[in-house]
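S.K.: Quick one: structure below, then a few questions.
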Amino acid sequence: MARPIKETPILYGSEGRQFEERMQNPPKVSSEKRAQIRKSYETVMKMMVN
């Protein structure tokens with residue numbers, strides 16, 4: 001039987017503001033990095049299928 005899921009902690013003060021800012025403005029990823037991530041993903045997916 002599965003264990004119960006713990007409650008999600010609530011962020012207050014500066015940690016909460018930093019989290020909100022990061023969610024509103026995610027970091028930009030270069031096209032080269034995005035292509036590398038896509039290639040890695042496709043490689044892993046091929047390994048899973050075969």
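So you can find residues: chains in the structure tokens are A, B, ... in the order shown, residues in each start at 1, and ligands are numbered from 1 in order.
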Apply DSSP to the backbone of this structure and, from chain A, keep only the residues in alpha helix (DSSP H); write these as a VMD selection string.

M.R.: chain A and resid 13 to 24 31 to 49
